[in-house]
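What's in run_20.txt: compact mmCIF, N, CA and C atoms
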# COMPACT_ATOMS: atom_id res chain seq x y z
N MET A 68 33.35 9.67 -62.04
CA MET A 68 33.21 9.48 -63.47
C MET A 68 33.25 10.80 -64.24
N PRO A 69 32.64 11.91 -63.71
CA PRO A 69 32.70 13.17 -64.45
C PRO A 69 34.13 13.70 -64.54
N ARG A 70 34.94 13.39 -63.53
CA ARG A 70 36.32 13.87 -63.56
C ARG A 70 37.10 13.19 -64.68
N LEU A 71 36.82 11.92 -64.92
CA LEU A 71 37.49 11.18 -65.98
C LEU A 71 37.13 11.75 -67.34
N ARG A 72 35.86 12.11 -67.53
CA ARG A 72 35.44 12.70 -68.80
C ARG A 72 36.14 14.04 -69.02
N LEU A 73 36.28 14.84 -67.94
CA LEU A 73 36.95 16.13 -68.05
C LEU A 73 38.41 15.96 -68.44
N THR A 74 39.08 14.96 -67.86
CA THR A 74 40.47 14.69 -68.19
C THR A 74 40.61 14.25 -69.63
N ASN A 75 39.73 13.36 -70.09
CA ASN A 75 39.77 12.91 -71.48
C ASN A 75 39.53 14.08 -72.43
N HIS A 76 38.59 14.95 -72.08
CA HIS A 76 38.29 16.11 -72.92
C HIS A 76 39.50 17.04 -73.00
N ALA A 77 40.18 17.26 -71.86
CA ALA A 77 41.37 18.12 -71.84
C ALA A 77 42.49 17.51 -72.67
N LEU A 78 42.64 16.19 -72.61
CA LEU A 78 43.67 15.53 -73.41
C LEU A 78 43.38 15.67 -74.90
N LYS A 79 42.12 15.55 -75.28
CA LYS A 79 41.77 15.69 -76.70
C LYS A 79 42.06 17.11 -77.19
N ILE A 80 41.68 18.10 -76.38
CA ILE A 80 41.93 19.49 -76.77
C ILE A 80 43.44 19.75 -76.88
N GLY A 81 44.21 19.25 -75.92
CA GLY A 81 45.66 19.42 -75.95
C GLY A 81 46.28 18.76 -77.17
N THR A 82 45.80 17.57 -77.51
CA THR A 82 46.31 16.86 -78.69
C THR A 82 46.02 17.64 -79.96
N TYR A 83 44.79 18.13 -80.09
CA TYR A 83 44.42 18.92 -81.28
C TYR A 83 45.25 20.20 -81.36
N LEU A 84 45.53 20.82 -80.23
CA LEU A 84 46.31 22.05 -80.20
C LEU A 84 47.75 21.78 -80.66
N VAL A 85 48.35 20.71 -80.18
CA VAL A 85 49.72 20.36 -80.58
C VAL A 85 49.78 20.05 -82.06
N ILE A 86 48.81 19.31 -82.57
CA ILE A 86 48.78 18.97 -84.00
C ILE A 86 48.62 20.24 -84.84
N ALA A 87 47.76 21.16 -84.39
CA ALA A 87 47.56 22.40 -85.12
C ALA A 87 48.83 23.24 -85.15
N LEU A 88 49.54 23.32 -84.02
CA LEU A 88 50.79 24.09 -83.98
C LEU A 88 51.86 23.47 -84.86
N LEU A 89 52.00 22.16 -84.82
CA LEU A 89 52.99 21.49 -85.67
C LEU A 89 52.64 21.64 -87.14
N GLY A 90 51.37 21.53 -87.45
CA GLY A 90 50.94 21.67 -88.85
C GLY A 90 51.17 23.07 -89.38
N SER A 91 50.93 24.08 -88.56
CA SER A 91 51.14 25.46 -89.02
C SER A 91 52.63 25.77 -89.14
N GLY A 92 53.47 25.16 -88.33
CA GLY A 92 54.91 25.37 -88.44
C GLY A 92 55.47 24.82 -89.73
N CYS A 93 54.94 23.73 -90.19
CA CYS A 93 55.41 23.12 -91.43
C CYS A 93 54.81 23.80 -92.66
N ALA A 94 53.78 24.62 -92.48
CA ALA A 94 53.10 25.22 -93.62
C ALA A 94 53.77 26.50 -94.10
N THR A 95 54.69 27.09 -93.32
CA THR A 95 55.34 28.33 -93.76
C THR A 95 56.43 28.02 -94.76
N SER A 96 56.63 28.93 -95.70
CA SER A 96 57.67 28.72 -96.71
C SER A 96 58.97 29.36 -96.23
N LYS A 97 60.08 28.86 -96.72
CA LYS A 97 61.38 29.38 -96.29
C LYS A 97 61.62 30.78 -96.83
N ASP A 98 61.09 31.09 -98.03
CA ASP A 98 61.26 32.43 -98.58
C ASP A 98 60.49 33.47 -97.76
N GLU A 99 59.37 33.06 -97.22
CA GLU A 99 58.60 33.97 -96.38
C GLU A 99 59.27 34.15 -95.02
N LEU A 100 59.87 33.09 -94.53
CA LEU A 100 60.50 33.13 -93.22
C LEU A 100 61.87 33.81 -93.28
N LEU A 101 62.65 33.53 -94.33
CA LEU A 101 63.99 34.09 -94.50
C LEU A 101 64.07 34.78 -95.86
N PRO A 102 63.69 36.05 -95.94
CA PRO A 102 63.73 36.72 -97.24
C PRO A 102 65.17 36.95 -97.69
N HIS A 103 65.39 36.96 -99.01
CA HIS A 103 66.74 37.08 -99.56
C HIS A 103 67.26 38.50 -99.50
N GLY A 104 66.49 39.48 -99.91
CA GLY A 104 66.95 40.86 -99.93
C GLY A 104 67.76 41.13 -101.18
N ASP A 105 68.24 42.39 -101.31
CA ASP A 105 68.96 42.79 -102.52
C ASP A 105 70.47 42.84 -102.32
N SER A 106 70.97 42.58 -101.13
CA SER A 106 72.41 42.72 -100.90
C SER A 106 73.15 41.45 -101.31
N ASN A 107 74.37 41.67 -101.82
CA ASN A 107 75.23 40.54 -102.17
C ASN A 107 76.38 40.48 -101.15
N MET A 108 77.33 39.59 -101.36
CA MET A 108 78.41 39.40 -100.40
C MET A 108 79.30 40.63 -100.28
N MET A 109 79.51 41.35 -101.38
CA MET A 109 80.36 42.54 -101.34
C MET A 109 79.72 43.63 -100.48
N ASP A 110 78.39 43.77 -100.57
CA ASP A 110 77.69 44.75 -99.74
C ASP A 110 77.79 44.39 -98.27
N VAL A 111 77.64 43.12 -97.97
CA VAL A 111 77.75 42.66 -96.58
C VAL A 111 79.16 42.91 -96.06
N TRP A 112 80.17 42.67 -96.89
CA TRP A 112 81.57 42.89 -96.49
C TRP A 112 81.82 44.37 -96.24
N ASN A 113 81.32 45.21 -97.09
CA ASN A 113 81.54 46.64 -96.93
C ASN A 113 80.82 47.19 -95.71
N GLN A 114 79.71 46.60 -95.33
CA GLN A 114 79.01 47.06 -94.13
C GLN A 114 79.81 46.74 -92.88
N GLY A 115 80.50 45.63 -92.89
CA GLY A 115 81.30 45.26 -91.73
C GLY A 115 80.42 44.85 -90.57
N SER A 116 81.02 44.76 -89.41
CA SER A 116 80.26 44.31 -88.24
C SER A 116 79.49 45.44 -87.58
N SER A 117 79.77 46.69 -87.96
CA SER A 117 79.08 47.80 -87.31
C SER A 117 77.67 48.00 -87.85
N GLY A 118 77.38 47.48 -89.01
CA GLY A 118 76.05 47.61 -89.56
C GLY A 118 75.87 48.85 -90.40
N SER A 119 76.86 49.72 -90.46
CA SER A 119 76.75 50.91 -91.30
C SER A 119 77.66 50.75 -92.50
N SER A 120 77.24 51.28 -93.63
CA SER A 120 78.03 51.13 -94.85
C SER A 120 78.83 52.38 -95.13
N SER A 121 79.30 53.04 -94.08
CA SER A 121 80.05 54.28 -94.29
C SER A 121 81.48 53.95 -94.71
N ALA A 122 82.02 54.80 -95.55
CA ALA A 122 83.38 54.60 -96.04
C ALA A 122 84.39 54.93 -94.96
N SER A 123 84.01 55.76 -93.98
CA SER A 123 84.96 56.15 -92.93
C SER A 123 85.32 54.96 -92.05
N SER A 124 84.36 54.08 -91.78
CA SER A 124 84.68 52.91 -90.97
C SER A 124 85.63 51.99 -91.72
N ARG A 125 85.47 51.90 -93.03
CA ARG A 125 86.38 51.07 -93.83
C ARG A 125 87.78 51.67 -93.86
N GLN A 126 87.84 53.01 -93.93
CA GLN A 126 89.15 53.67 -93.92
C GLN A 126 89.83 53.47 -92.57
N LEU A 127 89.05 53.48 -91.51
CA LEU A 127 89.62 53.25 -90.18
C LEU A 127 90.21 51.85 -90.08
N LEU A 128 89.51 50.87 -90.61
CA LEU A 128 90.03 49.50 -90.60
C LEU A 128 91.30 49.38 -91.43
N ASP A 129 91.33 50.06 -92.58
CA ASP A 129 92.54 50.02 -93.42
C ASP A 129 93.71 50.68 -92.71
N ALA A 130 93.47 51.80 -92.01
CA ALA A 130 94.54 52.47 -91.28
C ALA A 130 95.07 51.59 -90.16
N ARG A 131 94.18 50.90 -89.46
CA ARG A 131 94.63 49.99 -88.40
C ARG A 131 95.47 48.86 -88.97
N GLN A 132 95.08 48.37 -90.13
CA GLN A 132 95.82 47.28 -90.75
C GLN A 132 97.23 47.74 -91.14
N ASP A 133 97.36 49.00 -91.58
CA ASP A 133 98.67 49.53 -91.95
C ASP A 133 99.58 49.66 -90.73
N LEU A 134 99.01 49.94 -89.57
CA LEU A 134 99.81 50.14 -88.36
C LEU A 134 100.24 48.83 -87.70
N ARG A 135 99.64 47.75 -88.06
CA ARG A 135 99.99 46.48 -87.42
C ARG A 135 101.37 46.03 -87.85
N ARG A 136 102.10 45.48 -86.88
CA ARG A 136 103.44 44.95 -87.14
C ARG A 136 103.41 43.44 -87.04
N PRO A 137 104.21 42.77 -87.83
CA PRO A 137 104.27 41.31 -87.70
C PRO A 137 105.02 40.93 -86.43
N LEU A 138 104.68 39.80 -85.86
CA LEU A 138 105.37 39.31 -84.67
C LEU A 138 106.76 38.82 -85.05
N GLN A 139 107.73 39.16 -84.21
CA GLN A 139 109.09 38.69 -84.46
C GLN A 139 109.28 37.37 -83.73
N THR A 140 109.69 36.38 -84.45
CA THR A 140 109.86 35.05 -83.85
C THR A 140 111.33 34.68 -83.82
N ASN A 141 112.15 35.58 -83.32
CA ASN A 141 113.57 35.29 -83.19
C ASN A 141 113.76 34.38 -81.98
N GLN A 142 114.14 33.14 -82.21
CA GLN A 142 114.21 32.14 -81.14
C GLN A 142 115.28 32.49 -80.12
N ALA A 143 116.38 33.11 -80.54
CA ALA A 143 117.45 33.45 -79.60
C ALA A 143 116.95 34.45 -78.57
N GLU A 144 116.18 35.45 -79.01
CA GLU A 144 115.64 36.42 -78.06
C GLU A 144 114.64 35.77 -77.11
N LEU A 145 113.84 34.86 -77.62
CA LEU A 145 112.87 34.18 -76.77
C LEU A 145 113.56 33.35 -75.70
N ASP A 146 114.62 32.62 -76.08
CA ASP A 146 115.34 31.80 -75.11
C ASP A 146 116.03 32.66 -74.07
N GLU A 147 116.57 33.81 -74.50
CA GLU A 147 117.26 34.70 -73.59
C GLU A 147 116.30 35.30 -72.57
N ASN A 148 115.12 35.67 -73.03
CA ASN A 148 114.14 36.29 -72.14
C ASN A 148 113.42 35.27 -71.25
N ALA A 149 113.47 34.01 -71.61
CA ALA A 149 112.76 33.00 -70.82
C ALA A 149 113.34 32.87 -69.42
N LYS A 150 114.63 33.17 -69.25
CA LYS A 150 115.24 33.06 -67.93
C LYS A 150 114.68 34.10 -66.96
N PHE A 151 114.26 35.24 -67.49
CA PHE A 151 113.81 36.32 -66.65
C PHE A 151 112.29 36.40 -66.54
N THR A 152 111.60 35.48 -67.16
CA THR A 152 110.15 35.50 -67.15
C THR A 152 109.64 34.82 -65.88
N ARG A 153 108.70 35.48 -65.21
CA ARG A 153 108.10 34.89 -64.02
C ARG A 153 106.88 34.08 -64.43
N THR A 154 106.89 32.83 -64.05
CA THR A 154 105.73 31.98 -64.29
C THR A 154 105.30 31.40 -62.95
N ALA A 155 104.11 30.88 -62.92
CA ALA A 155 103.61 30.28 -61.68
C ALA A 155 104.48 29.10 -61.27
N GLN A 156 104.94 28.33 -62.24
CA GLN A 156 105.77 27.17 -61.92
C GLN A 156 107.11 27.62 -61.32
N ASN A 157 107.73 28.65 -61.90
CA ASN A 157 109.00 29.14 -61.35
C ASN A 157 108.81 29.65 -59.93
N GLU A 158 107.72 30.37 -59.69
CA GLU A 158 107.48 30.91 -58.36
C GLU A 158 107.28 29.80 -57.33
N ILE A 159 106.53 28.78 -57.68
CA ILE A 159 106.27 27.69 -56.74
C ILE A 159 107.55 26.93 -56.45
N TYR A 160 108.33 26.60 -57.49
CA TYR A 160 109.53 25.81 -57.28
C TYR A 160 110.63 26.61 -56.59
N SER A 161 110.66 27.93 -56.76
CA SER A 161 111.70 28.70 -56.11
C SER A 161 111.36 28.97 -54.64
N GLN A 162 110.09 29.12 -54.30
CA GLN A 162 109.71 29.39 -52.91
C GLN A 162 109.48 28.12 -52.11
N PHE A 163 108.85 27.14 -52.72
CA PHE A 163 108.50 25.92 -52.00
C PHE A 163 109.20 24.74 -52.67
N LYS A 164 110.37 24.41 -52.15
CA LYS A 164 111.14 23.30 -52.72
C LYS A 164 110.51 21.98 -52.27
N ARG A 165 110.65 20.98 -53.13
CA ARG A 165 110.12 19.66 -52.77
C ARG A 165 111.08 18.96 -51.82
N LEU A 166 110.53 18.34 -50.82
CA LEU A 166 111.34 17.55 -49.90
C LEU A 166 111.69 16.23 -50.56
N PRO A 167 112.83 15.65 -50.19
CA PRO A 167 113.21 14.38 -50.81
C PRO A 167 112.18 13.29 -50.54
N ASN A 168 111.82 12.58 -51.56
CA ASN A 168 110.86 11.48 -51.45
C ASN A 168 111.43 10.34 -52.29
N PRO A 169 112.23 9.46 -51.66
CA PRO A 169 112.91 8.43 -52.44
C PRO A 169 111.92 7.46 -53.10
N ASP A 170 112.31 6.99 -54.27
CA ASP A 170 111.50 6.01 -54.98
C ASP A 170 111.89 4.61 -54.55
N LEU A 171 110.90 3.78 -54.32
CA LEU A 171 111.13 2.38 -53.99
C LEU A 171 110.84 1.56 -55.23
N VAL A 172 111.77 0.67 -55.55
CA VAL A 172 111.61 -0.20 -56.71
C VAL A 172 111.24 -1.58 -56.19
N MET A 173 110.18 -2.14 -56.71
CA MET A 173 109.72 -3.44 -56.25
C MET A 173 109.56 -4.37 -57.44
N TYR A 174 110.02 -5.60 -57.28
CA TYR A 174 109.85 -6.60 -58.33
C TYR A 174 108.72 -7.54 -57.90
N VAL A 175 107.75 -7.71 -58.78
CA VAL A 175 106.64 -8.62 -58.53
C VAL A 175 106.93 -9.90 -59.31
N PHE A 176 107.02 -11.02 -58.58
CA PHE A 176 107.35 -12.29 -59.21
C PHE A 176 106.18 -12.79 -60.07
N PRO A 177 106.46 -13.64 -61.05
CA PRO A 177 105.37 -14.22 -61.85
C PRO A 177 104.39 -14.96 -60.93
N HIS A 178 103.11 -14.81 -61.23
CA HIS A 178 102.09 -15.42 -60.37
C HIS A 178 100.82 -15.66 -61.16
N LEU A 179 99.88 -16.35 -60.52
CA LEU A 179 98.55 -16.59 -61.09
C LEU A 179 97.57 -15.66 -60.38
N ALA A 180 96.68 -15.03 -61.14
CA ALA A 180 95.75 -14.08 -60.54
C ALA A 180 94.35 -14.27 -61.09
N GLY A 181 93.35 -13.88 -60.30
CA GLY A 181 91.96 -13.93 -60.73
C GLY A 181 91.28 -15.21 -60.32
N SER A 182 89.95 -15.25 -60.50
CA SER A 182 89.18 -16.45 -60.15
C SER A 182 89.49 -17.58 -61.12
N ASP A 183 89.76 -17.22 -62.37
CA ASP A 183 90.25 -18.17 -63.37
C ASP A 183 91.75 -17.94 -63.42
N PRO A 184 92.56 -18.73 -62.73
CA PRO A 184 93.98 -18.38 -62.59
C PRO A 184 94.67 -18.12 -63.93
N ALA A 185 94.94 -16.85 -64.16
CA ALA A 185 95.64 -16.44 -65.39
C ALA A 185 97.08 -16.13 -65.02
N PRO A 186 98.03 -16.60 -65.82
CA PRO A 186 99.44 -16.33 -65.51
C PRO A 186 99.79 -14.86 -65.77
N ILE A 187 100.42 -14.24 -64.79
CA ILE A 187 100.90 -12.86 -64.90
C ILE A 187 102.42 -12.92 -64.88
N PRO A 188 103.09 -12.37 -65.89
CA PRO A 188 104.55 -12.40 -65.89
C PRO A 188 105.11 -11.47 -64.82
N GLY A 189 106.36 -11.67 -64.47
CA GLY A 189 107.00 -10.81 -63.49
C GLY A 189 107.22 -9.41 -64.06
N TYR A 190 107.16 -8.41 -63.20
CA TYR A 190 107.37 -7.03 -63.65
C TYR A 190 107.93 -6.21 -62.51
N THR A 191 108.48 -5.05 -62.86
CA THR A 191 109.05 -4.13 -61.89
C THR A 191 108.16 -2.90 -61.82
N THR A 192 107.95 -2.40 -60.62
CA THR A 192 107.16 -1.19 -60.44
C THR A 192 107.90 -0.24 -59.51
N VAL A 193 107.63 1.05 -59.67
CA VAL A 193 108.28 2.08 -58.86
C VAL A 193 107.18 2.89 -58.18
N PHE A 194 107.35 3.13 -56.87
CA PHE A 194 106.41 3.99 -56.17
C PHE A 194 107.17 4.80 -55.13
N PRO A 195 106.65 5.97 -54.79
CA PRO A 195 107.36 6.82 -53.83
C PRO A 195 107.23 6.28 -52.41
N LEU A 196 108.20 6.60 -51.57
CA LEU A 196 108.19 6.14 -50.19
C LEU A 196 107.02 6.77 -49.43
N TYR A 197 106.83 8.07 -49.59
CA TYR A 197 105.73 8.75 -48.93
C TYR A 197 104.55 8.85 -49.89
N GLN A 198 103.36 8.81 -49.33
CA GLN A 198 102.16 8.79 -50.17
C GLN A 198 101.97 10.11 -50.90
N ARG A 199 102.21 11.23 -50.23
CA ARG A 199 102.00 12.54 -50.85
C ARG A 199 103.33 13.25 -51.02
N VAL A 200 103.36 14.18 -51.97
CA VAL A 200 104.54 15.02 -52.16
C VAL A 200 104.54 16.07 -51.07
N GLN A 201 105.67 16.20 -50.37
CA GLN A 201 105.79 17.17 -49.29
C GLN A 201 106.64 18.35 -49.78
N TYR A 202 106.27 19.56 -49.37
CA TYR A 202 107.00 20.76 -49.75
C TYR A 202 107.59 21.40 -48.51
N ALA A 203 108.78 21.98 -48.68
CA ALA A 203 109.43 22.69 -47.58
C ALA A 203 108.87 24.10 -47.48
N MET A 204 108.88 24.65 -46.27
CA MET A 204 108.47 26.03 -46.08
C MET A 204 109.56 26.94 -46.66
N PRO A 205 109.23 28.17 -47.02
CA PRO A 205 110.26 29.07 -47.56
C PRO A 205 111.40 29.23 -46.57
N GLY A 206 112.61 29.02 -47.04
CA GLY A 206 113.81 29.14 -46.21
C GLY A 206 114.17 27.87 -45.47
N GLU A 207 113.35 26.84 -45.49
CA GLU A 207 113.65 25.59 -44.80
C GLU A 207 114.70 24.82 -45.58
N ARG A 208 115.58 24.16 -44.85
CA ARG A 208 116.67 23.41 -45.48
C ARG A 208 116.13 22.12 -46.07
N THR A 209 116.50 21.85 -47.34
CA THR A 209 116.02 20.64 -48.01
C THR A 209 117.13 19.63 -48.25
N GLU A 210 118.40 20.02 -48.01
CA GLU A 210 119.51 19.08 -48.21
C GLU A 210 119.65 18.19 -46.98
N ALA A 211 120.35 17.07 -47.16
CA ALA A 211 120.60 16.16 -46.04
C ALA A 211 121.57 16.82 -45.06
N TYR A 212 121.43 16.53 -43.74
CA TYR A 212 122.31 17.12 -42.72
C TYR A 212 123.60 16.39 -42.65
Encoding of this model in structure tokens:
Amino acid sequence: MPRLRLTNHALKIGTYLVIALLGSGCATSKDELLPHGDSNMMDVWNQGSSGSSSASSRQLLDARQDLRRPLQTNQAELDENAKFTRTAQNEIYSQFKRLPNPDLVMYVFPHLAGSDPAPIPGYTTVFPLYQRVQYAMPGERTEAY
């Protein structure tokens, strides 16, 4: 019985503590928590991300902006260079060719399906002969003999 009283007493103290913490959290004002300060948006912009309001950092950013070049989007050059670009897909397909895996076409006749026989119309489906895609080793012949 004394253990039960101790548990009830601990629960009461815990409840009062939680209520006191929640009540004090709601009692603070937003101006006290988040003061406004004297800076406006222009001051914040001039400070930049470095946190210093020096004019030299702003001049450095302006100089970098002057040196930037726009990207050239000439499509003819992009198409011409695409042939010589190495990509993971090009490397895989050039080294490991896919072995022939013929597709089988199957026609499923109209039928009734399910516990409540529902009519299913006929349809055609395609699936590969082999379950997985097989790849040839580098240098292995992939054409028919």
Two-atom distance - atom N of Val193 of chain A, atom N of Leu179 of chain A (Å):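 Result for atom N of Val193 of chain A versus atom N of Leu179 of chain A: 19.1 Å, one decimal.
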Filtered DSSP result for segment 79-205 of chain A, state strand (DSSP E), as a PyMOL selection string: chain A and resi 170-175+178-180+185-187+190-195
Two-atom distance - atom CA of Thr209 of chain A, atom CA of Ala149 of chain A (Å):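 So the two atoms, atom CA of Thr209 of chain A and atom CA of Ala149 of chain A, lie 26.1 Å apart.
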Surrounding residues of Phe176 of chain A excluding itself and chain neighbours under 6 positions, 12 Å, only C-alpha atoms, as a ChimeraX atom specification: /A:186-192
Å distance separating atom C of Leu128 of chain A from atom CA of Met108 of chain A, one decimal place: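 One can read the atom C of Leu128 of chain A to atom CA of Met108 of chain A distance as 18.6 Å.
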Minimum-distance residue to Pro205 of chain A, chosen among A:Tyr174, A:Phe163, A:Thr154, A:Asn141 (using only N, CA and C atoms):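 Counting only N, CA and C atoms, the residue closest to Pro205 of chain A is A:Phe163.
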To box segment 165-169 of chain A, take all atoms listed in the file, fit an axis-aligned box, add 8 Å on each side, and give centre and edge lengths in Å to one decimal, as JSON.
{"center_x": 111.7, "center_y": 14.2, "center_z": -51.5, "size_x": 19.1, "size_y": 29.5, "size_z": 19.2}
Distance criterion (all atoms listed in the file): nearest to Arg165 of chain A out of A:Ala203, A:Asp183, A:Leu101, A:Leu89: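 The shortest atom-to-atom distance to Arg165 of chain A comes from A:Ala203.
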Sel. of alpha helix (DSSP H) residues, segment 85-202 of chain A, as an MDAnalysis selection string: chainID A and resid 85:94 97:100 108:114 122:134 142:149 155:162
Would you save segment 75-90 of chain A to a file, keeping N, CA and C atoms, as a PDB file, in the first residue's frame?
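Contents of selection12.pdb, freshly written:
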ATOM      1  N   ASN A  75       1.371   7.372  -6.715  1.00  0.00           N
ATOM      2  CA  ASN A  75       0.372   8.421  -6.927  1.00  0.00           C
ATOM      3  C   ASN A  75       0.970   9.795  -6.663  1.00  0.00           C
ATOM      4  N   HIS A  76       1.794   9.907  -5.630  1.00  0.00           N
ATOM      5  CA  HIS A  76       2.426  11.183  -5.299  1.00  0.00           C
ATOM      6  C   HIS A  76       3.370  11.618  -6.430  1.00  0.00           C
ATOM      7  N   ALA A  77       4.141  10.663  -6.982  1.00  0.00           N
ATOM      8  CA  ALA A  77       5.059  10.974  -8.082  1.00  0.00           C
ATOM      9  C   ALA A  77       4.282  11.398  -9.323  1.00  0.00           C
ATOM     10  N   LEU A  78       3.153  10.759  -9.582  1.00  0.00           N
ATOM     11  CA  LEU A  78       2.332  11.147 -10.732  1.00  0.00           C
ATOM     12  C   LEU A  78       1.780  12.553 -10.566  1.00  0.00           C
ATOM     13  N   LYS A  79       1.353  12.896  -9.364  1.00  0.00           N
ATOM     14  CA  LYS A  79       0.829  14.243  -9.124  1.00  0.00           C
ATOM     15  C   LYS A  79       1.914  15.294  -9.332  1.00  0.00           C
ATOM     16  N   ILE A  80       3.109  15.028  -8.804  1.00  0.00           N
ATOM     17  CA  ILE A  80       4.212  15.980  -8.963  1.00  0.00           C
ATOM     18  C   ILE A  80       4.576  16.122 -10.440  1.00  0.00           C
ATOM     19  N   GLY A  81       4.633  15.013 -11.163  1.00  0.00           N
ATOM     20  CA  GLY A  81       4.938  15.055 -12.595  1.00  0.00           C
ATOM     21  C   GLY A  81       3.896  15.828 -13.376  1.00  0.00           C
ATOM     22  N   THR A  82       2.628  15.634 -13.032  1.00  0.00           N
ATOM     23  CA  THR A  82       1.549  16.352 -13.712  1.00  0.00           C
ATOM     24  C   THR A  82       1.659  17.847 -13.462  1.00  0.00           C
ATOM     25  N   TYR A  83       1.899  18.231 -12.209  1.00  0.00           N
ATOM     26  CA  TYR A  83       2.042  19.660 -11.886  1.00  0.00           C
ATOM     27  C   TYR A  83       3.251  20.265 -12.603  1.00  0.00           C
ATOM     28  N   LEU A  84       4.325  19.511 -12.719  1.00  0.00           N
ATOM     29  CA  LEU A  84       5.526  19.999 -13.391  1.00  0.00           C
ATOM     30  C   LEU A  84       5.261  20.228 -14.880  1.00  0.00           C
ATOM     31  N   VAL A  85       4.584  19.303 -15.522  1.00  0.00           N
ATOM     32  CA  VAL A  85       4.260  19.447 -16.948  1.00  0.00           C
ATOM     33  C   VAL A  85       3.344  20.641 -17.167  1.00  0.00           C
ATOM     34  N   ILE A  86       2.345  20.812 -16.317  1.00  0.00           N
ATOM     35  CA  ILE A  86       1.425  21.948 -16.446  1.00  0.00           C
ATOM     36  C   ILE A  86       2.175  23.259 -16.247  1.00  0.00           C
ATOM     37  N   ALA A  87       3.088  23.295 -15.280  1.00  0.00           N
ATOM     38  CA  ALA A  87       3.859  24.515 -15.031  1.00  0.00           C
ATOM     39  C   ALA A  87       4.747  24.851 -16.222  1.00  0.00           C
ATOM     40  N   LEU A  88       5.386  23.845 -16.821  1.00  0.00           N
ATOM     41  CA  LEU A  88       6.240  24.095 -17.984  1.00  0.00           C
ATOM     42  C   LEU A  88       5.432  24.574 -19.179  1.00  0.00           C
ATOM     43  N   LEU A  89       4.293  23.953 -19.429  1.00  0.00           N
ATOM     44  CA  LEU A  89       3.450  24.378 -20.546  1.00  0.00           C
ATOM     45  C   LEU A  89       2.903  25.774 -20.318  1.00  0.00           C
ATOM     46  N   GLY A  90       2.522  26.063 -19.094  1.00  0.00           N
ATOM     47  CA  GLY A  90       1.992  27.393 -18.785  1.00  0.00           C
ATOM     48  C   GLY A  90       3.040  28.474 -18.934  1.00  0.00           C
TER      49      GLY A  90
END
